[in-house]
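To keep things clear, I will list the structure first and then write my remarks on it.
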Amino acid sequence: MSDVRHDPTLALTPPMGWNSWNALGIRVDEAAVLAHAELLVSTGLAELGYTQVIIDDGWHDGRDRAGRLRPHAGRFPSGIRALADRVHALGLRLGIYSCAGVRTCAGLPGSYGMEVEDAATFAEWGVDYLKYDYCHAPDDRDEAIRRYTRMGEALRRCGRPIVYAVCEWGSRQPWSFPDLAHGHSARTTFDIIDAWDGNLDYSNRGASVTQILDRQHGLHTYAAPGRWNDLDMLVVGLGGRGYIGGGGCTDTEYRSHFGLWCLHAAPLIIGCDLRTVRPEHLDILRWRAAIAVDQDPCGHQAERVRREGRCEVFVKALDRGAQAVGLLNRGERPAVIDHKPWGRFRVTDLGDGADLGVIENAVGREVPPHGLALLRLDPCGALEG
Ligand code: GLA
């Protein structure tokens, strides 16, 4: 029996940051990582909570003679330790990627059998976050639990607090792994692509925004501070130009995607290239009121409480009896969507901050095609009314 305990305190609210994969794939290099760290600060994103700068697959090219993972000499000439120092000097944290298989998804050496050594290396380099994938590993759920737990324990023992992101794509119900294998989040689906919809073949290992959304139904009971369902990285701002597939989303769809991820208390990990992002997409990523919904201290994930035709209602319980309500129109025409909460509430539209007054037992909004109305409902006590 292990003496190591799951430590939720490293991620009491969903992790936020930037990850290299969606925009850069295996072409990631230290200049791009550093540029993104600087941009997180200069655009105000860091101040909003986006503090993890995560290098995904492609950062290394093997192991050295001592068996230590070796950063790719051409793309990471300064090494990870020096990069971590520079990222830390900006007040940010550095994340890295490895895999529970013998190789990563890009075919580079994984951490299987080297968990303790690799956790020690990451700690020595000053790494603060590990995304841990599941390519080149057996399908079996019990074996996945063993492998994730082995790295989870190694991280807990490595002498440095490291946030642990489990990434086996939902195939083995990781949300119910015991203690989430010491993880702080677990991916629930295959990789996101930059598309709203599109009847994609899920077995093809790519999922659109709404396919990922549909796969969250029923998972809200598993989310809690320190153990989040990960809906995968944001595609906001990719504009069809990313490393991942998909032809892009409209601005309305990007905004709905962002609001839905916030309702689901998902990790908010930016995936676009911030060096070329359009200002209107940056504004979506800086949607402060939605981020507050995501980061609510109670840590509840929204539940879809109604689905009628192409209209859906999501409710996320917030601190102090408040609720965040998402009215989603998946149809092709504007639709009036209503929600019937029990009681009297003051309603704020989190899209523009408008005070919509006090409602009793019902609130409705007209929502454009593929749009999301995000509302905050604060209870009005009997004494007030
Ligand atoms: C898997 C993960 C992605 C990304 C790639 C890297 O597909 O799900 O998020 O990390 O591997 O190869």
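Each chain in the structure tokens gets a letter, A, B, ..., in the order shown, and its residues are numbered from 1; ligands are numbered from 1 in order too.
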
Next item on the list: Would you list, as a PyMOL selection string, the residues of region 96-326 of chain A that end up in strand (DSSP E) under DSSP run on this structure's backbone?
Entry: chain A and resi 96-99+129-133+163-166+185-187+191-192+206-207+228-230+268-270+303-308+311-317+323-326

Checklist line | Shell around Gly101 (chain A) at 12 Å using only C-alpha atoms, local window under 3 positions removed, as JSON, numbers by chain | finding: {"A": [98, 104, 105, 106, 107, 108, 109, 110, 111, 112, 113, 114, 115, 132, 133, 134, 135, 136, 137, 138, 139, 143, 144, 146, 147, 148, 151, 167, 168]}

Output file for the residues above (C-alpha atoms, as a CSV table (one decimal), in the first residue's frame):
chain,number,residue,atom,x,y,z
A,98,SER,CA,5.6,12.6,-21.8
A,104,THR,CA,5.0,9.2,-27.3
A,105,CYS,CA,2.3,9.7,-29.9
A,106,ALA,CA,4.9,11.4,-32.1
A,107,GLY,CA,7.1,8.2,-31.8
A,108,LEU,CA,9.7,9.6,-29.3
A,109,PRO,CA,10.8,7.7,-26.2
A,110,GLY,CA,8.1,7.6,-23.5
A,111,SER,CA,8.4,7.2,-19.8
A,112,TYR,CA,7.2,3.6,-19.4
A,113,GLY,CA,9.6,1.9,-17.0
A,114,MET,CA,11.4,5.2,-16.4
A,115,GLU,CA,8.8,7.0,-14.3
A,132,TYR,CA,1.0,12.4,-19.7
A,133,ASP,CA,-0.2,10.7,-22.8
A,134,TYR,CA,-1.1,7.1,-23.6
A,135,CYS,CA,0.2,6.1,-27.1
A,136,HIS,CA,2.1,2.8,-27.6
A,137,ALA,CA,0.5,1.4,-24.4
A,138,PRO,CA,-1.9,-1.5,-23.9
A,139,ASP,CA,-5.7,-1.0,-24.1
A,143,GLU,CA,-2.8,-1.5,-16.8
A,144,ALA,CA,-3.6,2.1,-17.6
A,146,ARG,CA,-1.2,1.1,-12.9
A,147,ARG,CA,0.9,3.2,-15.3
A,148,TYR,CA,-0.8,6.5,-14.5
A,151,MET,CA,4.0,8.3,-12.7
A,167,CYS,CA,-4.4,12.2,-21.1
A,168,GLU,CA,-5.7,8.8,-22.2

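The space separating CA of Arg365 (chain A) from CA of Asp232 (chain A) comes to 28.7 Å.
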
Item checked: helix (DSSP H, G or I) call set, DSSP backbone run, region 85-287 of chain A, as a ChimeraX atom specification -> /A:85-89,115-125,141-157,174-176,178-182,202-204,209-214,219-222,251-263,279-285

Next item on the list: Kindly give the distance, in Å, that separates CA of Thr348 (chain A) and CA of Leu375 (chain A), rounded to a single decimal.
Entry: 5.6 Å

Note to self: Please list as a list in words every residue within 7 Å of Pro8 (chain A), counting only C-alpha atoms and excluding residues in the same chain fewer than 2 positions away.
What the structure shows: His6, Leu10, Ala11, Leu12, His184, Pro225, Gly226 and Arg227 of chain A

Notebook entry, point to check: To one decimal place, how far is CA of Asp140 (chain A) from CA of Ala224 (chain A) in Å?
Noted result: 25.9 Å

Notebook entry, point to check: region 303-316 of chain A: which residues within 7 Å, counting only C-alpha atoms, same-chain residues fewer than 3 positions away excluded, as a ChimeraX atom specification?
Noted result: /A:217,220,263,300,323-331,337,339

For the selection you just gave me, I'd like the residues written to a file as a compact mmCIF listing (two decimals), in the first residue's frame, keeping N, CA, C and O atoms.
# COMPACT_ATOMS: atom_id res chain seq x y z
N HIS A 217 -21.80 14.51 -21.09
CA HIS A 217 -23.05 14.25 -20.39
C HIS A 217 -22.86 13.17 -19.33
O HIS A 217 -22.37 12.08 -19.64
N HIS A 220 -20.39 15.28 -14.97
CA HIS A 220 -20.29 16.40 -14.02
C HIS A 220 -20.12 15.91 -12.59
O HIS A 220 -19.53 16.60 -11.76
N LEU A 263 -18.26 26.75 -18.53
CA LEU A 263 -19.38 26.12 -17.80
C LEU A 263 -18.98 24.74 -17.29
O LEU A 263 -19.43 24.30 -16.23
N HIS A 300 -17.79 23.03 -9.41
CA HIS A 300 -18.80 22.18 -10.03
C HIS A 300 -18.69 22.26 -11.56
O HIS A 300 -18.34 23.31 -12.10
N GLN A 323 -25.89 30.69 -9.88
CA GLN A 323 -25.81 29.69 -10.96
C GLN A 323 -25.28 30.38 -12.21
O GLN A 323 -25.61 31.53 -12.47
N ALA A 324 -24.49 29.65 -12.97
CA ALA A 324 -24.19 30.08 -14.34
C ALA A 324 -25.07 29.24 -15.24
O ALA A 324 -25.17 28.01 -15.06
N VAL A 325 -25.72 29.89 -16.18
CA VAL A 325 -26.63 29.18 -17.08
C VAL A 325 -26.18 29.43 -18.51
O VAL A 325 -25.92 30.57 -18.90
N GLY A 326 -26.07 28.38 -19.28
CA GLY A 326 -25.72 28.50 -20.70
C GLY A 326 -26.91 28.09 -21.54
O GLY A 326 -27.45 26.99 -21.36
N LEU A 327 -27.34 28.98 -22.42
CA LEU A 327 -28.43 28.67 -23.35
C LEU A 327 -27.79 28.52 -24.72
O LEU A 327 -27.30 29.50 -25.30
N LEU A 328 -27.74 27.30 -25.22
CA LEU A 328 -26.99 27.01 -26.45
C LEU A 328 -27.95 26.69 -27.59
O LEU A 328 -28.82 25.83 -27.46
N ASN A 329 -27.74 27.39 -28.69
CA ASN A 329 -28.54 27.15 -29.89
C ASN A 329 -27.66 26.45 -30.93
O ASN A 329 -26.81 27.07 -31.56
N ARG A 330 -27.88 25.17 -31.12
CA ARG A 330 -27.09 24.41 -32.10
C ARG A 330 -27.73 24.43 -33.48
O ARG A 330 -27.20 23.87 -34.42
N GLY A 331 -28.89 25.10 -33.57
CA GLY A 331 -29.61 25.14 -34.84
C GLY A 331 -29.07 26.21 -35.78
O GLY A 331 -28.10 26.90 -35.48
N ILE A 337 -34.57 30.61 -26.10
CA ILE A 337 -34.35 29.46 -25.20
C ILE A 337 -34.62 29.94 -23.79
O ILE A 337 -34.19 31.02 -23.39
N HIS A 339 -34.98 29.01 -19.47
CA HIS A 339 -34.54 28.18 -18.34
C HIS A 339 -35.48 28.50 -17.19
O HIS A 339 -35.88 29.64 -17.01

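Nearest to Val347 (chain A) of all the residues A:Ala195, A:Ala335, A:Glu30, A:Glu360 is A:Glu360, counting only C-alpha atoms.
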
Next item on the list: Between A:Ala37, A:Leu69, A:Val102, A:Met233, single out the one closest to ligand 1, counting only C-alpha atoms and all ligand atoms.
Entry: A:Met233

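For the residues A:Arg346, A:Asp7, A:Ser208, A:Thr51, ranking by smallest atom-to-atom distance to Leu39 (chain A) using only C-alpha atoms places A:Thr51 first.
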
Note to self: I want to know what sits within 9 Å of Phe122 (chain A), based on only C-alpha atoms, with residues of the same chain fewer than 6 positions away left out; could you give that as a list of chain:residue names?
What the structure shows: A:Ile80, A:Arg81, A:Ile96, A:Asp128, A:Leu130, A:Leu155, A:Cys158, A:Arg160, A:Ile162
